[in-house]
Structures are given as structure tokens and as C-alpha cells.
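Structure below is final_32.cif: mmCIF, N, CA and C atoms.
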data_protein
#
loop_
_atom_site.label_atom_id
_atom_site.label_comp_id
_atom_site.auth_asym_id
_atom_site.auth_seq_id
_atom_site.Cartn_x
_atom_site.Cartn_y
_atom_site.Cartn_z
N MET A 202 23.47 8.03 8.47
CA MET A 202 22.39 9.02 8.38
C MET A 202 21.15 8.35 7.79
N ALA A 203 20.01 8.56 8.42
CA ALA A 203 18.76 7.93 7.98
C ALA A 203 18.27 8.57 6.69
N MET A 204 17.63 7.76 5.88
CA MET A 204 17.07 8.23 4.62
C MET A 204 15.79 9.01 4.90
N ASP A 205 15.70 10.22 4.37
CA ASP A 205 14.51 11.05 4.54
C ASP A 205 13.62 10.87 3.32
N THR A 206 12.70 9.90 3.40
CA THR A 206 11.84 9.63 2.25
C THR A 206 10.88 10.78 1.98
N ALA A 207 10.55 11.57 3.01
CA ALA A 207 9.64 12.70 2.81
C ALA A 207 10.26 13.77 1.92
N ALA A 208 11.57 13.86 1.91
CA ALA A 208 12.25 14.86 1.09
C ALA A 208 12.44 14.40 -0.36
N MET A 209 12.14 13.14 -0.62
CA MET A 209 12.32 12.60 -1.98
C MET A 209 11.20 13.06 -2.90
N THR A 210 11.54 13.23 -4.17
CA THR A 210 10.49 13.44 -5.17
C THR A 210 9.79 12.10 -5.37
N ASP A 211 8.64 12.12 -6.01
CA ASP A 211 7.93 10.87 -6.28
C ASP A 211 8.78 9.89 -7.09
N PRO A 212 9.45 10.33 -8.17
CA PRO A 212 10.30 9.38 -8.91
C PRO A 212 11.43 8.82 -8.05
N GLU A 213 12.03 9.63 -7.19
CA GLU A 213 13.10 9.15 -6.31
C GLU A 213 12.57 8.12 -5.32
N PHE A 214 11.38 8.38 -4.79
CA PHE A 214 10.78 7.45 -3.84
C PHE A 214 10.48 6.11 -4.51
N LEU A 215 9.88 6.15 -5.70
CA LEU A 215 9.56 4.91 -6.40
C LEU A 215 10.84 4.14 -6.74
N GLU A 216 11.87 4.85 -7.13
CA GLU A 216 13.15 4.20 -7.42
C GLU A 216 13.72 3.54 -6.16
N ALA A 217 13.62 4.22 -5.02
CA ALA A 217 14.10 3.65 -3.75
C ALA A 217 13.30 2.41 -3.37
N PHE A 218 11.99 2.45 -3.58
CA PHE A 218 11.16 1.27 -3.30
C PHE A 218 11.59 0.10 -4.18
N GLU A 219 11.72 0.34 -5.46
CA GLU A 219 12.04 -0.74 -6.39
C GLU A 219 13.47 -1.24 -6.20
N ALA A 220 14.37 -0.40 -5.69
CA ALA A 220 15.75 -0.82 -5.40
C ALA A 220 15.87 -1.40 -3.99
N CYS A 221 14.78 -1.42 -3.25
CA CYS A 221 14.75 -1.94 -1.87
C CYS A 221 15.72 -1.21 -0.95
N THR A 222 15.78 0.10 -1.11
CA THR A 222 16.68 0.90 -0.27
C THR A 222 15.92 1.73 0.78
N ILE A 223 14.61 1.57 0.85
CA ILE A 223 13.85 2.26 1.89
C ILE A 223 14.12 1.51 3.20
N PRO A 224 14.64 2.20 4.21
CA PRO A 224 14.94 1.51 5.47
C PRO A 224 13.67 1.11 6.21
N HIS A 225 13.80 0.08 7.03
CA HIS A 225 12.66 -0.47 7.78
C HIS A 225 11.91 0.62 8.55
N GLU A 226 12.64 1.53 9.21
CA GLU A 226 11.98 2.55 10.03
C GLU A 226 11.20 3.56 9.18
N ALA A 227 11.49 3.66 7.90
CA ALA A 227 10.76 4.58 7.02
C ALA A 227 9.63 3.87 6.27
N TRP A 228 9.55 2.55 6.39
CA TRP A 228 8.55 1.77 5.66
C TRP A 228 7.28 1.68 6.51
N ASN A 229 6.58 2.81 6.61
CA ASN A 229 5.37 2.95 7.42
C ASN A 229 4.13 3.03 6.53
N HIS A 230 2.99 3.30 7.14
CA HIS A 230 1.74 3.34 6.37
C HIS A 230 1.79 4.40 5.27
N LEU A 231 2.28 5.59 5.60
CA LEU A 231 2.38 6.65 4.60
C LEU A 231 3.23 6.20 3.41
N ALA A 232 4.33 5.54 3.68
CA ALA A 232 5.20 5.05 2.60
C ALA A 232 4.48 4.00 1.76
N HIS A 233 3.72 3.12 2.40
CA HIS A 233 2.95 2.12 1.65
C HIS A 233 1.94 2.80 0.71
N ILE A 234 1.23 3.80 1.22
CA ILE A 234 0.21 4.49 0.41
C ILE A 234 0.87 5.27 -0.72
N ARG A 235 1.99 5.90 -0.44
CA ARG A 235 2.72 6.63 -1.49
C ARG A 235 3.17 5.68 -2.58
N MET A 236 3.72 4.54 -2.18
CA MET A 236 4.16 3.54 -3.15
C MET A 236 2.97 3.05 -3.98
N ALA A 237 1.85 2.76 -3.32
CA ALA A 237 0.66 2.29 -4.03
C ALA A 237 0.20 3.33 -5.05
N TYR A 238 0.14 4.58 -4.64
CA TYR A 238 -0.25 5.67 -5.54
C TYR A 238 0.67 5.73 -6.76
N LEU A 239 1.97 5.68 -6.54
CA LEU A 239 2.92 5.81 -7.63
C LEU A 239 2.86 4.62 -8.60
N VAL A 240 2.72 3.43 -8.07
CA VAL A 240 2.64 2.25 -8.94
C VAL A 240 1.30 2.23 -9.68
N LEU A 241 0.22 2.60 -9.00
CA LEU A 241 -1.08 2.68 -9.67
C LEU A 241 -1.06 3.73 -10.79
N LYS A 242 -0.45 4.84 -10.53
CA LYS A 242 -0.37 5.91 -11.52
C LYS A 242 0.39 5.43 -12.76
N ARG A 243 1.41 4.64 -12.54
CA ARG A 243 2.23 4.14 -13.64
C ARG A 243 1.61 2.93 -14.34
N ASP A 244 1.05 1.98 -13.56
CA ASP A 244 0.66 0.67 -14.11
C ASP A 244 -0.83 0.40 -14.15
N GLY A 245 -1.66 1.23 -13.51
CA GLY A 245 -3.07 0.91 -13.39
C GLY A 245 -3.27 -0.23 -12.40
N LEU A 246 -4.50 -0.50 -12.03
CA LEU A 246 -4.79 -1.48 -10.99
C LEU A 246 -4.31 -2.88 -11.36
N ASP A 247 -4.61 -3.34 -12.55
CA ASP A 247 -4.23 -4.71 -12.91
C ASP A 247 -2.72 -4.92 -12.84
N GLY A 248 -1.96 -3.99 -13.38
CA GLY A 248 -0.50 -4.11 -13.34
C GLY A 248 0.07 -3.86 -11.96
N ALA A 249 -0.59 -3.01 -11.20
CA ALA A 249 -0.07 -2.65 -9.88
C ALA A 249 -0.12 -3.82 -8.90
N ILE A 250 -1.13 -4.67 -9.01
CA ILE A 250 -1.26 -5.76 -8.04
C ILE A 250 -0.01 -6.62 -8.01
N SER A 251 0.44 -7.08 -9.16
CA SER A 251 1.62 -7.95 -9.16
C SER A 251 2.90 -7.17 -8.86
N ALA A 252 3.01 -5.94 -9.35
CA ALA A 252 4.20 -5.13 -9.10
C ALA A 252 4.35 -4.79 -7.62
N VAL A 253 3.25 -4.44 -6.98
CA VAL A 253 3.29 -4.10 -5.55
C VAL A 253 3.58 -5.35 -4.72
N ARG A 254 2.92 -6.45 -5.03
CA ARG A 254 3.16 -7.70 -4.31
C ARG A 254 4.65 -8.05 -4.37
N ALA A 255 5.20 -8.09 -5.57
CA ALA A 255 6.61 -8.46 -5.74
C ALA A 255 7.53 -7.46 -5.04
N GLY A 256 7.22 -6.18 -5.15
CA GLY A 256 8.05 -5.16 -4.53
C GLY A 256 8.06 -5.23 -3.02
N ILE A 257 6.89 -5.41 -2.42
CA ILE A 257 6.82 -5.51 -0.95
C ILE A 257 7.52 -6.78 -0.48
N GLN A 258 7.29 -7.89 -1.17
CA GLN A 258 7.93 -9.14 -0.76
C GLN A 258 9.45 -9.03 -0.85
N LYS A 259 9.94 -8.39 -1.90
CA LYS A 259 11.38 -8.21 -2.07
C LYS A 259 11.94 -7.28 -0.98
N LEU A 260 11.25 -6.18 -0.71
CA LEU A 260 11.68 -5.26 0.33
C LEU A 260 11.67 -5.95 1.69
N ASN A 261 10.60 -6.68 2.00
CA ASN A 261 10.52 -7.40 3.27
C ASN A 261 11.65 -8.40 3.41
N ALA A 262 11.97 -9.12 2.33
CA ALA A 262 13.07 -10.08 2.38
C ALA A 262 14.38 -9.38 2.68
N GLY A 263 14.61 -8.24 2.04
CA GLY A 263 15.83 -7.48 2.27
C GLY A 263 15.93 -6.91 3.67
N GLN A 264 14.78 -6.71 4.31
CA GLN A 264 14.75 -6.18 5.67
C GLN A 264 14.62 -7.29 6.72
N ASN A 265 14.63 -8.56 6.25
CA ASN A 265 14.47 -9.72 7.12
C ASN A 265 13.20 -9.64 7.96
N THR A 266 12.12 -9.16 7.34
CA THR A 266 10.83 -9.06 8.03
C THR A 266 10.26 -10.47 8.18
N PRO A 267 9.96 -10.88 9.41
CA PRO A 267 9.42 -12.23 9.60
C PRO A 267 8.00 -12.34 9.07
N GLU A 268 7.64 -13.54 8.63
CA GLU A 268 6.28 -13.79 8.19
C GLU A 268 5.48 -14.30 9.40
N ALA A 269 4.54 -13.50 9.82
CA ALA A 269 3.64 -13.86 10.91
C ALA A 269 2.26 -13.34 10.52
N ILE A 270 1.26 -13.71 11.26
CA ILE A 270 -0.10 -13.27 10.91
C ILE A 270 -0.20 -11.75 10.86
N ASP A 271 0.58 -11.06 11.68
CA ASP A 271 0.52 -9.60 11.74
C ASP A 271 1.80 -8.92 11.25
N ARG A 272 2.64 -9.65 10.55
CA ARG A 272 3.90 -9.11 10.01
C ARG A 272 4.11 -9.68 8.62
N GLY A 273 4.89 -8.98 7.83
CA GLY A 273 5.20 -9.46 6.50
C GLY A 273 4.11 -9.13 5.50
N TYR A 274 4.21 -9.71 4.32
CA TYR A 274 3.27 -9.41 3.25
C TYR A 274 1.88 -10.00 3.54
N HIS A 275 0.84 -9.21 3.28
CA HIS A 275 -0.55 -9.62 3.51
C HIS A 275 -1.33 -9.30 2.24
N GLU A 276 -1.75 -10.33 1.52
CA GLU A 276 -2.41 -10.16 0.22
C GLU A 276 -3.70 -9.34 0.31
N THR A 277 -4.56 -9.65 1.26
CA THR A 277 -5.84 -8.93 1.35
C THR A 277 -5.63 -7.47 1.71
N VAL A 278 -4.76 -7.19 2.68
CA VAL A 278 -4.50 -5.81 3.07
C VAL A 278 -3.94 -5.03 1.87
N THR A 279 -3.00 -5.64 1.17
CA THR A 279 -2.39 -4.96 0.03
C THR A 279 -3.42 -4.67 -1.06
N ARG A 280 -4.18 -5.66 -1.44
CA ARG A 280 -5.15 -5.45 -2.52
C ARG A 280 -6.28 -4.53 -2.12
N ALA A 281 -6.70 -4.57 -0.87
CA ALA A 281 -7.76 -3.67 -0.40
C ALA A 281 -7.28 -2.22 -0.47
N TRP A 282 -6.06 -1.96 0.01
CA TRP A 282 -5.53 -0.60 -0.06
C TRP A 282 -5.35 -0.15 -1.50
N LEU A 283 -4.88 -1.04 -2.36
CA LEU A 283 -4.75 -0.67 -3.78
C LEU A 283 -6.10 -0.26 -4.35
N ARG A 284 -7.15 -0.99 -4.01
CA ARG A 284 -8.48 -0.65 -4.52
C ARG A 284 -8.96 0.70 -3.98
N LEU A 285 -8.67 0.99 -2.72
CA LEU A 285 -9.08 2.28 -2.16
C LEU A 285 -8.33 3.45 -2.82
N VAL A 286 -7.03 3.30 -2.99
CA VAL A 286 -6.25 4.36 -3.62
C VAL A 286 -6.65 4.50 -5.09
N ASP A 287 -6.83 3.39 -5.77
CA ASP A 287 -7.24 3.42 -7.17
C ASP A 287 -8.60 4.10 -7.34
N SER A 288 -9.53 3.80 -6.46
CA SER A 288 -10.86 4.42 -6.53
C SER A 288 -10.77 5.94 -6.36
N ALA A 289 -9.98 6.38 -5.41
CA ALA A 289 -9.81 7.83 -5.21
C ALA A 289 -9.19 8.47 -6.44
N MET A 290 -8.22 7.80 -7.05
CA MET A 290 -7.56 8.35 -8.24
C MET A 290 -8.53 8.40 -9.42
N ARG A 291 -9.32 7.35 -9.60
CA ARG A 291 -10.26 7.31 -10.73
C ARG A 291 -11.39 8.32 -10.56
N ASN A 292 -11.89 8.46 -9.34
CA ASN A 292 -13.05 9.32 -9.10
C ASN A 292 -12.71 10.80 -8.92
N HIS A 293 -11.48 11.09 -8.51
CA HIS A 293 -11.13 12.48 -8.23
C HIS A 293 -9.87 12.93 -8.94
N GLY A 294 -9.25 12.06 -9.71
CA GLY A 294 -8.01 12.40 -10.41
C GLY A 294 -6.81 12.12 -9.53
N PRO A 295 -5.65 11.95 -10.17
CA PRO A 295 -4.45 11.62 -9.41
C PRO A 295 -3.77 12.81 -8.74
N GLY A 296 -4.21 14.00 -9.06
CA GLY A 296 -3.53 15.17 -8.51
C GLY A 296 -2.19 15.38 -9.18
N GLU A 297 -1.54 16.46 -8.83
CA GLU A 297 -0.27 16.81 -9.44
C GLU A 297 0.84 15.84 -9.03
N ASP A 298 0.82 15.42 -7.76
CA ASP A 298 1.81 14.50 -7.23
C ASP A 298 1.22 13.87 -5.97
N PHE A 299 2.01 13.02 -5.30
CA PHE A 299 1.47 12.34 -4.13
C PHE A 299 1.09 13.32 -3.02
N GLU A 300 1.88 14.33 -2.81
CA GLU A 300 1.57 15.29 -1.75
C GLU A 300 0.20 15.93 -1.97
N ALA A 301 -0.08 16.33 -3.19
CA ALA A 301 -1.39 16.92 -3.51
C ALA A 301 -2.50 15.89 -3.35
N PHE A 302 -2.27 14.69 -3.85
CA PHE A 302 -3.25 13.61 -3.74
C PHE A 302 -3.56 13.31 -2.27
N ALA A 303 -2.53 13.15 -1.47
CA ALA A 303 -2.71 12.84 -0.04
C ALA A 303 -3.47 13.96 0.67
N GLY A 304 -3.21 15.19 0.30
CA GLY A 304 -3.93 16.31 0.89
C GLY A 304 -5.41 16.30 0.56
N GLN A 305 -5.75 15.76 -0.60
CA GLN A 305 -7.15 15.67 -1.02
C GLN A 305 -7.84 14.44 -0.45
N HIS A 306 -7.07 13.46 0.03
CA HIS A 306 -7.64 12.19 0.50
C HIS A 306 -7.04 11.77 1.84
N PRO A 307 -7.22 12.59 2.88
CA PRO A 307 -6.59 12.29 4.17
C PRO A 307 -7.07 10.97 4.79
N HIS A 308 -8.26 10.50 4.40
CA HIS A 308 -8.74 9.23 4.94
C HIS A 308 -7.82 8.07 4.57
N LEU A 309 -7.12 8.19 3.45
CA LEU A 309 -6.20 7.12 3.04
C LEU A 309 -4.96 7.07 3.93
N LEU A 310 -4.70 8.12 4.66
CA LEU A 310 -3.54 8.15 5.55
C LEU A 310 -3.85 7.57 6.93
N CYS A 311 -5.10 7.23 7.15
CA CYS A 311 -5.53 6.60 8.41
C CYS A 311 -5.32 5.09 8.27
N ARG A 312 -4.36 4.56 9.02
CA ARG A 312 -4.02 3.16 8.84
C ARG A 312 -5.11 2.19 9.29
N THR A 313 -6.12 2.68 9.98
CA THR A 313 -7.22 1.81 10.42
C THR A 313 -8.42 1.87 9.48
N GLN A 314 -8.29 2.49 8.34
CA GLN A 314 -9.39 2.67 7.39
C GLN A 314 -10.02 1.33 6.97
N LEU A 315 -9.24 0.27 6.91
CA LEU A 315 -9.80 -1.02 6.48
C LEU A 315 -10.83 -1.57 7.45
N ARG A 316 -10.89 -1.02 8.67
CA ARG A 316 -11.90 -1.46 9.64
C ARG A 316 -13.31 -1.12 9.19
N VAL A 317 -13.43 -0.20 8.25
CA VAL A 317 -14.75 0.13 7.67
C VAL A 317 -15.25 -1.07 6.85
N PHE A 318 -14.33 -1.85 6.31
CA PHE A 318 -14.67 -2.92 5.39
C PHE A 318 -14.55 -4.32 5.99
N TYR A 319 -13.62 -4.50 6.89
CA TYR A 319 -13.31 -5.83 7.43
C TYR A 319 -13.38 -5.87 8.95
N THR A 320 -13.92 -6.97 9.47
CA THR A 320 -13.75 -7.23 10.90
C THR A 320 -12.35 -7.79 11.10
N ARG A 321 -11.84 -7.66 12.29
CA ARG A 321 -10.53 -8.22 12.61
C ARG A 321 -10.54 -9.73 12.40
N GLU A 322 -11.65 -10.37 12.74
CA GLU A 322 -11.75 -11.82 12.59
C GLU A 322 -11.65 -12.26 11.13
N ARG A 323 -12.08 -11.42 10.22
CA ARG A 323 -12.03 -11.75 8.79
C ARG A 323 -10.64 -11.50 8.20
N ILE A 324 -10.03 -10.38 8.55
CA ILE A 324 -8.79 -9.99 7.88
C ILE A 324 -7.53 -10.58 8.53
N MET A 325 -7.60 -10.87 9.81
CA MET A 325 -6.42 -11.41 10.50
C MET A 325 -6.45 -12.94 10.51
N THR A 326 -6.48 -13.49 9.30
CA THR A 326 -6.45 -14.95 9.14
C THR A 326 -5.35 -15.29 8.13
N TRP A 327 -4.90 -16.52 8.20
CA TRP A 327 -3.90 -16.97 7.22
C TRP A 327 -4.51 -16.99 5.83
N GLU A 328 -5.80 -17.30 5.73
CA GLU A 328 -6.48 -17.30 4.42
C GLU A 328 -6.39 -15.91 3.79
N ALA A 329 -6.67 -14.86 4.58
CA ALA A 329 -6.64 -13.49 4.07
C ALA A 329 -5.21 -13.02 3.82
N LYS A 330 -4.27 -13.52 4.58
CA LYS A 330 -2.88 -13.15 4.40
C LYS A 330 -2.33 -13.73 3.10
N ARG A 331 -2.69 -14.96 2.81
CA ARG A 331 -2.14 -15.66 1.65
C ARG A 331 -2.88 -15.39 0.34
N GLY A 332 -4.16 -15.05 0.43
CA GLY A 332 -4.97 -14.79 -0.76
C GLY A 332 -6.02 -13.75 -0.45
N PHE A 333 -6.53 -13.12 -1.48
CA PHE A 333 -7.51 -12.04 -1.26
C PHE A 333 -8.84 -12.61 -0.80
N VAL A 334 -9.40 -12.00 0.24
CA VAL A 334 -10.76 -12.32 0.68
C VAL A 334 -11.59 -11.04 0.65
N GLU A 335 -12.81 -11.17 0.23
CA GLU A 335 -13.72 -10.03 0.18
C GLU A 335 -14.06 -9.58 1.59
N PRO A 336 -14.38 -8.31 1.76
CA PRO A 336 -14.73 -7.80 3.09
C PRO A 336 -16.06 -8.34 3.59
N ASP A 337 -16.24 -8.26 4.91
CA ASP A 337 -17.47 -8.74 5.53
C ASP A 337 -18.32 -7.62 6.12
N LEU A 338 -17.87 -6.38 6.09
CA LEU A 338 -18.67 -5.27 6.63
C LEU A 338 -19.25 -4.38 5.54
N ALA A 339 -18.47 -4.02 4.56
CA ALA A 339 -18.91 -3.14 3.47
C ALA A 339 -18.08 -3.49 2.23
N PRO A 340 -18.67 -3.36 1.03
CA PRO A 340 -17.90 -3.70 -0.17
C PRO A 340 -16.82 -2.66 -0.47
N LEU A 341 -15.71 -3.15 -0.99
CA LEU A 341 -14.66 -2.27 -1.46
C LEU A 341 -15.07 -1.67 -2.80
N PRO A 342 -14.53 -0.52 -3.16
CA PRO A 342 -14.84 0.02 -4.49
C PRO A 342 -14.35 -0.93 -5.57
N LYS A 343 -15.07 -0.99 -6.66
CA LYS A 343 -14.68 -1.88 -7.78
C LYS A 343 -13.68 -1.18 -8.65
#

Before anything else, please render the file you have as C-alpha cells.
Amino acid sequence: MAMDTAAMTDPEFLEAFEACTIPHEAWNHLAHIRMAYLVLKRDGLDGAISAVRAGIQKLNAGQNTPEAIDRGYHETVTRAWLRLVDSAMRNHGPGEDFEAFAGQHPHLLCRTQLRVFYTRERIMTWEAKRGFVEPDLAPLPK
């Protein structure tokens, strides 16, 4: 039986992420944003960067996700999304839980949102995958 991450409470979801029990088919954009929100809420931006990096890398290893330019862990994508979620939380509050937060910030659920900040040529490079690169279209929130 497949794991229904949508039915999980926020603490259950975060526990599943940290235990690497979220199945590959449930590890989608919404799950990434939910995880980012929960880790940011707990650790703040500075602490979240290393926790999220380690967590995604561990989950990917457990799922045998190959490392390719468009697969596996991507440092710039991860840090850019963390900054967007963190900015929404700081400027508008974290909301009661992820469901409330997501309802207030539907733009974060659009997986192509980073196109506002990065050209494909800038973000789809090994340099951007391995280390953070600043955007070339618009600045990310500080």
C-alpha cells in the first residue's frame, strides 16, 4: 500500500522525510516545499540549508536516484526554493500549518516559479548543481 503523505500531519511528514521513508512517487514538488517549510519553521534559514541538503541527499541515496544534470540533488534549486519559502514565512507569517501556509502562497506550489529568477542556461549547469549561483533574471529575496 502506497504511503499517503497528504494524510500525514506536519510532524509525521517531517519524521518520514528524516527517516527516508517517503516513497519516490510521493517525493514531488509539493513534498519538497512542505519539507522546506517544516525545516525552515524549525531551524530558520541558516540551519535549514544544511539540514535540507543532507536530508535530500540521504533520501535520494535511499531511492537510488541517479545524479544527472536534471536529476538528484541540485544546490542552487534547493537554496533558491528555501529562500522563497523563507521570505514568504518572514513577510506573511508561517500560518497555522503547511496546509494554511500553502493556501496563502499558491505561487510556491508552481514548480516553474524559479523561471522568474533564472534562465535555463544559468540554472541547468553543473556549476549551479554543485554550488549556489545567483540568478540572472531577478534577485532572490534576501

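Considering all atoms listed in the file, the residue among A:Ala281, A:Tyr274, A:Pro307, A:Trp327 positioned nearest to Leu341 (chain A) is A:Ala281.
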
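For the choices A:Ala232, A:Leu315, A:Val286, A:Cys221, the atom-to-atom distance to Ala207 (chain A) is smallest for A:Ala232 when using only C-alpha atoms.
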
Quick one: which region 272-324 of chain A residues come within 8 Å of region 249-262 of chain A, and what is the nearest atom pair for each with the distance in Å to one decimal, counting all atoms listed in the file, rows ordered by chain and ascending number, as JSON lines?
{"residue": "A:Gly273", "atom": "CA", "partner": "A:Asn261", "partner_atom": "CA", "distance": 6.6}
{"residue": "A:Tyr274", "atom": "CA", "partner": "A:Gln258", "partner_atom": "CA", "distance": 6.2}
{"residue": "A:His275", "atom": "N", "partner": "A:Gln258", "partner_atom": "N", "distance": 7.9}
{"residue": "A:Glu276", "atom": "CA", "partner": "A:Arg254", "partner_atom": "CA", "distance": 7.6}
{"residue": "A:Thr279", "atom": "C", "partner": "A:Ile250", "partner_atom": "CA", "distance": 7.4}
{"residue": "A:Arg280", "atom": "CA", "partner": "A:Ile250", "partner_atom": "CA", "distance": 6.8}
{"residue": "A:Leu283", "atom": "CA", "partner": "A:Ile250", "partner_atom": "CA", "distance": 7.5}

Apply DSSP to the backbone of this structure and, from region 238-324 of chain A, keep only the residues in helix (DSSP H, G or I); write these as a VMD selection string.
chain A and resid 238 to 263 276 to 293 299 to 305 307 to 310 314 to 317 321 to 324

By how many Å are atom C of Pro212 (chain A) and atom N of Pro342 (chain A) apart?
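Calculated distance between atom C of Pro212 (chain A) and atom N of Pro342 (chain A) is 28.0 Å.
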
Distance of CA of Thr277 (chain A) from CA of Gly294 (chain A), expressed in Å to one decimal place
24.5 Å

Out of A:Met204, A:Asp271, A:Asp211, A:Lys242, which residue has the shortest atom-to-atom distance to Pro224 (chain A) when counting all atoms listed in the file?
A:Met204

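For the pair CA of Arg316 (chain A) and atom C of Gly248 (chain A), the interatomic distance is 24.8 Å.
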
Write out as number ranges by chain each polymer residue whose atoms come within 6.5 Å of Tyr319 (chain A), counting only N, CA and C atoms; drop sequence neighbours fewer than 6 positions from it.
A: 336-339
